[in-house]
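See below for protein-v2.txt, which holds compact mmCIF, C-alpha atoms.
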# COMPACT_ATOMS: atom_id res chain seq x y z
CA MET A 221 97.58 115.34 72.52
CA THR A 222 99.86 112.40 73.21
CA ILE A 223 98.67 108.81 73.17
CA LYS A 224 100.86 105.98 74.40
CA HIS A 225 100.34 102.41 73.35
CA ALA A 226 102.30 99.45 74.65
CA LYS A 227 101.84 96.27 72.70
CA THR A 228 101.68 93.13 74.78
CA ASN A 229 104.85 91.07 74.46
CA ASN A 230 103.03 88.14 72.83
CA CYS A 231 99.63 86.53 72.84
CA ASP A 232 99.34 83.35 74.92
CA SER A 233 99.48 81.01 71.92
CA ARG A 234 102.60 82.67 70.56
CA GLN A 235 104.26 82.49 73.99
CA VAL A 236 103.56 78.75 74.11
CA SER A 237 104.93 78.31 70.58
CA GLU A 238 108.12 80.27 71.34
CA ALA A 239 108.63 78.37 74.59
CA ALA A 240 108.39 75.06 72.71
CA ILE A 241 110.85 76.25 70.04
CA ILE A 242 113.33 77.47 72.67
CA ARG A 243 113.07 74.17 74.55
CA ASN A 244 113.59 72.10 71.39
CA LEU A 245 116.48 74.25 70.19
CA SER A 246 118.21 73.90 73.54
CA LEU A 247 117.70 70.13 73.76
CA VAL A 248 118.93 69.49 70.20
CA SER A 249 122.01 71.64 70.77
CA LEU A 250 122.86 70.26 74.22
CA ILE A 251 122.33 66.58 73.38
CA GLY A 252 124.00 66.87 69.98
CA ASN A 253 127.09 68.61 71.34
CA VAL A 254 127.48 66.23 74.28
CA ILE A 255 127.36 63.24 71.91
CA LEU A 256 129.79 64.83 69.46
CA PHE A 257 132.15 65.83 72.28
CA GLY A 258 132.32 62.27 73.61
CA PHE A 259 132.72 60.70 70.18
CA LYS A 260 135.36 63.17 68.95
CA LEU A 261 137.33 62.94 72.19
CA PHE A 262 137.37 59.14 71.91
CA ALA A 263 138.31 59.32 68.20
CA GLY A 264 141.05 61.86 68.90
CA ILE A 265 142.64 59.72 71.62
CA ALA A 266 142.18 56.40 69.82
CA GLY A 267 143.18 57.86 66.47
CA ASN A 268 146.18 59.76 67.85
CA SER A 269 144.89 63.09 66.50
CA GLY A 270 145.57 66.31 68.38
CA ALA A 271 143.35 68.21 65.92
CA MET A 272 140.39 66.00 66.74
CA ILE A 273 140.94 66.40 70.49
CA SER A 274 140.92 70.21 70.00
CA ASP A 275 137.78 69.84 67.91
CA ALA A 276 136.17 67.90 70.76
CA ILE A 277 136.96 70.72 73.17
CA HIS A 278 135.34 73.13 70.72
CA SER A 279 132.17 71.02 70.84
CA LEU A 280 132.26 71.13 74.62
CA SER A 281 132.36 74.95 74.46
CA ASP A 282 129.14 74.79 72.41
CA VAL A 283 127.40 73.18 75.39
CA PHE A 284 128.21 76.20 77.54
CA THR A 285 127.24 78.72 74.85
CA THR A 286 123.86 77.02 74.40
CA LEU A 287 123.28 77.32 78.15
CA ILE A 288 124.16 81.04 77.93
CA ALA A 289 121.73 81.50 75.03
CA LEU A 290 118.96 79.62 76.87
CA ILE A 291 119.35 81.70 80.02
CA GLY A 292 119.50 84.95 78.03
CA VAL A 293 116.40 84.20 75.96
CA ASN A 294 114.33 83.02 78.92
CA VAL A 295 115.21 86.09 80.97
CA SER A 296 114.47 88.43 78.04
CA LYS A 297 110.94 86.97 77.72
CA ARG A 298 109.98 88.07 81.24
CA ASP A 299 107.17 90.61 81.47
CA ALA A 300 107.91 94.22 82.36
CA ASP A 301 108.03 94.98 86.08
CA HIS A 302 108.47 97.98 88.36
CA SER A 303 112.28 97.91 88.05
CA HIS A 304 112.20 97.23 84.29
CA PRO A 305 109.10 99.00 82.91
CA TYR A 306 110.28 98.57 79.31
CA GLY A 307 110.84 94.83 79.63
CA HIS A 308 113.98 92.67 79.54
CA GLU A 309 114.64 92.24 75.82
CA ARG A 310 118.13 93.73 76.00
CA LEU A 311 119.31 90.85 78.17
CA GLU A 312 119.17 88.66 75.05
CA CYS A 313 121.67 91.06 73.46
CA VAL A 314 123.90 90.59 76.49
CA ALA A 315 123.73 86.81 75.95
CA ALA A 316 124.53 87.24 72.24
CA LEU A 317 127.47 89.46 73.13
CA ALA A 318 128.76 86.83 75.57
CA LEU A 319 128.52 84.21 72.80
CA GLY A 320 130.42 86.51 70.46
CA ILE A 321 133.22 86.80 73.02
CA VAL A 322 133.34 83.01 73.45
CA LEU A 323 133.57 82.59 69.66
CA PHE A 324 136.34 85.20 69.44
CA VAL A 325 138.40 83.54 72.19
CA THR A 326 137.87 80.12 70.57
CA GLY A 327 138.97 81.42 67.18
CA ILE A 328 142.08 83.11 68.56
CA GLY A 329 143.00 79.93 70.44
CA VAL A 330 142.69 77.83 67.27
CA GLY A 331 144.76 80.31 65.26
CA LYS A 332 147.43 80.67 67.94
CA ALA A 333 147.99 76.92 68.16
CA GLY A 334 148.19 76.66 64.38
CA LEU A 335 150.73 79.47 64.04
CA GLU A 336 152.90 78.03 66.79
CA ASN A 337 153.06 74.68 64.98
CA ILE A 338 153.80 76.35 61.62
CA PHE A 339 156.67 78.47 62.95
CA SER A 340 158.13 75.67 65.07
CA GLY A 341 159.34 73.85 61.95
CA ASN A 342 159.27 70.47 63.74
CA TYR A 343 156.85 68.88 61.32
CA GLU A 344 158.47 65.45 61.52
CA THR A 345 157.57 65.18 65.21
CA LEU A 346 153.87 65.51 64.50
CA THR A 347 151.93 62.24 64.78
CA ILE A 348 149.96 60.61 61.97
CA PRO A 349 146.26 60.22 62.89
CA GLY A 350 144.27 57.04 62.37
CA THR A 351 141.19 56.30 60.26
CA ILE A 352 138.79 56.71 63.17
CA ALA A 353 139.81 60.37 63.47
CA LEU A 354 139.05 60.84 59.76
CA ALA A 355 135.60 59.28 60.21
CA ALA A 356 134.91 61.48 63.25
CA ALA A 357 135.75 64.62 61.29
CA ILE A 358 133.29 63.72 58.52
CA ILE A 359 130.52 62.87 60.99
CA SER A 360 131.16 66.11 62.89
CA ILE A 361 130.95 68.24 59.72
CA LEU A 362 127.60 66.71 58.72
CA GLY A 363 126.19 66.82 62.25
CA LYS A 364 127.21 70.39 63.02
CA GLU A 365 126.04 71.70 59.65
CA ALA A 366 122.63 70.10 60.26
CA MET A 367 122.49 71.66 63.74
CA TYR A 368 123.45 75.05 62.28
CA ARG A 369 120.64 74.97 59.70
CA TYR A 370 118.10 73.80 62.29
CA ALA A 371 119.06 76.47 64.84
CA ARG A 372 119.29 79.23 62.22
CA TYR A 373 115.80 78.47 60.86
CA TYR A 374 114.11 78.62 64.25
CA ALA A 375 116.21 81.55 65.50
CA LYS A 376 114.88 83.55 62.55
CA LEU A 377 111.35 82.33 63.27
CA ILE A 378 111.38 83.69 66.83
CA ASN A 379 113.75 86.59 66.01
CA SER A 380 116.31 85.53 68.61
CA ALA A 381 119.77 87.10 68.46
CA ALA A 382 121.11 84.73 71.11
CA PHE A 383 120.04 81.56 69.31
CA MET A 384 121.22 83.00 65.98
CA ALA A 385 124.61 83.46 67.65
CA ASP A 386 124.39 79.87 68.88
CA ALA A 387 123.62 78.74 65.31
CA TRP A 388 126.76 80.45 64.04
CA HIS A 389 128.70 78.72 66.79
CA HIS A 390 127.50 75.42 65.29
CA ARG A 391 128.75 76.61 61.90
CA SER A 392 132.12 77.57 63.42
CA ASP A 393 132.39 74.07 64.86
CA ALA A 394 131.60 72.61 61.42
CA LEU A 395 134.39 74.76 59.95
CA SER A 396 136.67 73.59 62.72
CA SER A 397 135.89 70.00 61.76
CA VAL A 398 136.62 70.82 58.11
CA GLY A 399 140.02 72.02 59.27
CA SER A 400 140.48 68.82 61.22
CA LEU A 401 139.54 66.80 58.14
CA ILE A 402 142.03 68.67 55.95
CA GLY A 403 144.73 68.33 58.57
CA ILE A 404 144.09 64.63 59.10
CA VAL A 405 144.05 63.90 55.36
CA GLY A 406 147.16 66.02 54.84
CA ALA A 407 148.97 64.25 57.67
CA MET A 408 147.98 60.86 56.29
CA LEU A 409 149.37 61.91 52.90
CA GLY A 410 152.67 62.99 54.44
CA PHE A 411 152.01 66.72 55.04
CA PRO A 412 151.32 67.10 58.77
CA VAL A 413 151.69 70.90 58.65
CA MET A 414 148.39 71.04 56.75
CA ASP A 415 146.59 70.65 60.06
CA SER A 416 148.11 73.87 61.36
CA VAL A 417 147.55 75.80 58.13
CA ALA A 418 143.87 74.83 58.16
CA SER A 419 143.58 75.93 61.80
CA VAL A 420 144.72 79.45 60.89
CA VAL A 421 142.17 79.67 58.06
CA ILE A 422 139.42 78.45 60.39
CA CYS A 423 140.46 81.09 62.92
CA ILE A 424 139.60 83.82 60.39
CA PHE A 425 136.10 82.41 59.79
CA ILE A 426 135.39 82.07 63.52
CA VAL A 427 136.63 85.58 64.37
CA LYS A 428 134.53 87.03 61.50
CA ALA A 429 131.42 85.31 62.88
CA ALA A 430 132.23 86.64 66.37
CA TYR A 431 132.58 90.17 64.96
CA ASP A 432 129.21 90.02 63.15
CA ILE A 433 127.39 88.68 66.23
CA SER A 434 128.94 91.27 68.56
CA LYS A 435 128.27 94.13 66.14
CA ASP A 436 124.58 93.20 65.89
CA ALA A 437 124.28 92.88 69.69
CA PHE A 438 125.92 96.29 70.26
CA ALA A 439 123.63 97.93 67.68
CA LYS A 440 120.51 96.61 69.43
CA MET A 441 121.77 97.73 72.84
CA LEU A 442 122.49 101.31 71.73
CA ASP A 443 118.98 102.34 70.59
CA THR A 444 119.99 102.11 66.96
CA SER A 445 117.45 103.29 64.38
CA CYS A 446 115.63 100.64 62.35
CA GLY A 447 116.96 102.24 59.17
CA GLU A 448 115.61 104.31 56.28
CA ASP A 449 113.87 101.43 54.49
CA TYR A 450 111.99 100.38 57.63
CA GLU A 451 110.93 103.96 58.40
CA LYS A 452 109.88 104.56 54.78
CA LYS A 453 107.53 101.56 54.87
CA LEU A 454 106.27 102.69 58.28
CA THR A 455 105.56 106.19 56.94
CA GLU A 456 103.56 104.76 54.04
CA VAL A 457 101.34 102.83 56.46
CA ILE A 458 100.85 105.93 58.62
CA LEU A 459 99.94 108.24 55.74
CA ALA A 460 97.52 105.65 54.34
CA GLN A 461 95.47 106.08 57.53
CA GLU A 462 92.34 108.16 56.89
CA GLU A 463 92.45 111.69 58.39
CA VAL A 464 96.22 111.66 58.97
CA LEU A 465 97.44 114.71 57.06
CA GLY A 466 101.18 114.35 57.63
CA VAL A 467 104.05 112.87 59.61
CA ASP A 468 105.75 115.65 61.59
CA MET A 469 108.29 113.44 63.35
CA LEU A 470 109.15 109.75 63.29
CA ARG A 471 111.80 108.05 65.39
CA THR A 472 112.45 104.33 65.69
CA ARG A 473 114.85 102.44 67.91
CA MET A 474 115.77 98.85 68.56
CA PHE A 475 115.29 97.57 72.07
CA GLY A 476 116.76 94.08 71.96
CA ASN A 477 114.82 92.38 69.17
CA ARG A 478 111.77 94.67 69.53
CA VAL A 479 111.02 98.12 68.09
CA TYR A 480 109.94 101.31 69.86
CA ILE A 481 108.38 104.20 67.91
CA ASP A 482 107.97 107.89 68.74
CA LEU A 483 105.54 109.47 66.28
CA GLU A 484 104.02 112.91 65.70
CA ILE A 485 101.19 113.19 63.17
CA SER A 486 99.19 116.13 61.84
CA MET A 487 95.38 116.19 61.86
CA ASP A 488 92.60 118.68 61.31
CA GLY A 489 92.77 121.01 64.30
CA ASP A 490 89.00 121.25 64.47
CA LYS A 491 88.65 117.55 65.30
CA SER A 492 87.43 116.75 68.79
CA LEU A 493 89.68 115.04 71.30
CA ARG A 494 87.62 111.85 70.99
CA GLU A 495 87.90 111.87 67.19
CA ALA A 496 91.67 112.39 67.33
CA HIS A 497 91.97 109.58 69.86
CA ASP A 498 90.00 107.21 67.60
CA VAL A 499 92.29 107.98 64.66
CA ALA A 500 95.36 107.31 66.79
CA GLU A 501 93.83 104.02 67.97
CA ARG A 502 93.21 102.88 64.40
CA LEU A 503 96.72 103.93 63.40
CA HIS A 504 98.19 101.98 66.32
CA LYS A 505 96.35 98.81 65.31
CA SER A 506 97.32 99.21 61.66
CA VAL A 507 101.04 99.55 62.52
CA GLU A 508 100.91 96.51 64.84
CA GLN A 509 99.30 94.39 62.12
CA ARG A 510 101.94 95.31 59.56
CA PHE A 511 104.99 95.34 61.86
CA SER A 512 104.95 92.41 64.30
CA ASP A 513 108.24 93.45 65.95
CA VAL A 514 106.78 96.74 67.25
CA LYS A 515 106.33 96.67 71.02
CA HIS A 516 105.60 100.28 71.94
CA ILE A 517 104.20 103.30 70.05
CA MET A 518 103.94 106.83 71.39
CA ILE A 519 101.67 108.94 69.16
CA HIS A 520 101.49 112.72 69.50
CA VAL A 521 98.77 114.52 67.51
CA ASN A 522 99.41 118.06 66.23
CA PRO A 523 96.77 120.42 64.73
CA SER A 524 97.56 120.99 61.06
CA ASP A 525 97.37 124.32 59.25
CA LEU A 526 96.71 122.37 56.04
CA ALA A 527 93.14 121.73 57.14
CA ALA A 528 92.38 125.46 57.13
CA ASN A 529 93.48 125.91 53.48

Take the structure I supplied and represent it as structure tokens, if you would.
Amino acid sequence: MTIKHAKTNNCDSRQVSEAAIIRNLSLVSLIGNVILFGFKLFAGIAGNSGAMISDAIHSLSDVFTTLIALIGVNVSKRDADHSHPYGHERLECVAALALGIVLFVTGIGVGKAGLENIFSGNYETLTIPGTIALAAAIISILGKEAMYRYARYYAKLINSAAFMADAWHHRSDALSSVGSLIGIVGAMLGFPVMDSVASVVICIFIVKAAYDISKDAFAKMLDTSCGEDYEKKLTEVILAQEEVLGVDMLRTRMFGNRVYIDLEISMDGDKSLREAHDVAERLHKSVEQRFSDVKHIMIHVNPSDLAAN
């Protein structure tokens, strides 16, 4: 006997809550980055700082990545339809992967520019930035770190890979501003090459973040198992169910940020079909209560020889 259960994507109240969080995350990110872009661009031009102008461009890229994250999350929340009977959760992984690529390209661009300046040897031709550029770097570090912590907290709350990627993009921008700060201070102290050295170090941090985001997105797109620890806890919940004699087969897989389970359990072969169905129903509810990320459970009931002994 096989029983299929599909958990509804979210109850109405949770959908409203997630929609509000997504809207607030997007607004904070978009408004914050637009303000920082304008201020840093002005400070870079007025303060004669090429590093700050590059940092401003980095903030502008955050505006586009937030839009990508917003589109990806909203599309992934759509209900299942005839063409997509399992839902659209994987589209959020696509958005996270796109953000990872943007981060990687940004990091390589920062590192390339830094290396070119280092190997050019023309350090005396580099301009000395003004105080306004220094102030902009400090404000950017504080602002972007606050945006990172805000986005990371709520991305974890709604289990969103795309907004977690967006949060790390905020952190990468904060690191970029740290590099700008070091470069500006170094230039003001008579060591203009410090700007380029810091850019190369920042490149490593940004590329590492891009790698982690892309790796997680790929894992969730490839039906990766939830892991031994997750399945061990799941097995404990299953075996704690009255009248379940054993777990014959258990498979888990990630579908975007949700979990699908294929399960075979053993029961007394003399149980009626109705009794077996009731046990499977109770098991389904118990798993859903303990594991909120589970979307779909397929339960197959096998007659057990243990009951005859």

*Can you pull out every residue within 9 Å of A:Thr286, counting all atoms listed in the file, but drop anything in the same chain fewer than 5 positions away, and send it as a list in words?*
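In the requested format, the answer is Leu245, Ser246, Ser249, Leu250, Ser281, Ile291, Leu319, Ala382, Phe383 and Asp386 of chain A.
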
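Distance-wise, atom CA of A:Ile519 and atom CA of A:Lys491 end up 16.1 Å apart.
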
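From atom CA of A:Lys440 back to atom CA of A:Arg391, the distance works out to 22.9 Å.
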
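Each of A:Ser434, A:Thr351, A:Ser524, A:Ser340 was checked against A:Met272 using all atoms listed in the file; the smallest atom-to-atom distance is that of A:Thr351.
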
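If you look at atom CA of A:Gly252 and atom CA of A:Tyr374, they are 16.4 Å away from each other.
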
Stretch 347-404 of chain A residues near stretch 412-418 of chain A within 7 Å, closest pair each, using all atoms listed in the file, as a Markdown table:
| residue | atom | partner | partner_atom | distance |
| --- | --- | --- | --- | --- |
| A:Gly399 | CA | A:Ala418 | CA | 4.9 |
| A:Ser400 | CA | A:Asp415 | CA | 6.5 |
| A:Ile402 | CA | A:Asp415 | CA | 6.5 |
| A:Gly403 | CA | A:Asp415 | CA | 3.3 |
| A:Ile404 | CA | A:Asp415 | CA | 6.6 |

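Across A:Leu311, A:Leu470, A:Leu256, A:Ile424, the tightest approach to A:Leu362 is made by A:Leu256 when counting all atoms listed in the file.
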
*Which residue out of A:Lys505, A:Arg478, A:Arg243, A:Lys376 has the minimum interatomic distance to A:Thr444 when only C-alpha atoms are used?*
A:Arg478

*Which of these, A:Asp282, A:Arg473, A:Ala353, A:Val507, has the shortest distance to A:Met408 once you count all atoms listed in the file?*
A:Ala353

*Would you list the contacts of A:Leu483 as a PyMOL selection string, taking every protein, DNA or RNA residue within 8 Å and counting only C-alpha atoms, but skipping same-chain residues closer than 3 positions in sequence?*
chain A and resi 467-471+517-520

_At a cut-off of 8 Å around the point (131.3, 73.5, 71.6) (file coordinates), what residues fall inside when counting all atoms listed in the file? I'd like the answer as a ChimeraX atom specification._
/A:253,257,276-285,389-390,393

Kindly save the residues from that selection, with C-alpha atoms included, as a CSV table (one decimal), in the frame of the given file.
chain,number,residue,atom,x,y,z
A,253,ASN,CA,127.1,68.6,71.3
A,257,PHE,CA,132.2,65.8,72.3
A,276,ALA,CA,136.2,67.9,70.8
A,277,ILE,CA,137.0,70.7,73.2
A,278,HIS,CA,135.3,73.1,70.7
A,279,SER,CA,132.2,71.0,70.8
A,280,LEU,CA,132.3,71.1,74.6
A,281,SER,CA,132.4,75.0,74.5
A,282,ASP,CA,129.1,74.8,72.4
A,283,VAL,CA,127.4,73.2,75.4
A,284,PHE,CA,128.2,76.2,77.5
A,285,THR,CA,127.2,78.7,74.8
A,389,HIS,CA,128.7,78.7,66.8
A,390,HIS,CA,127.5,75.4,65.3
A,393,ASP,CA,132.4,74.1,64.9

*asked:* Using only C-alpha atoms for the distances, tell me which of A:Ser303, A:Glu238, A:Ala355, A:Leu247 is nearest to A:Phe259.
replied: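 Closest to A:Phe259, using only C-alpha atoms: A:Ala355.
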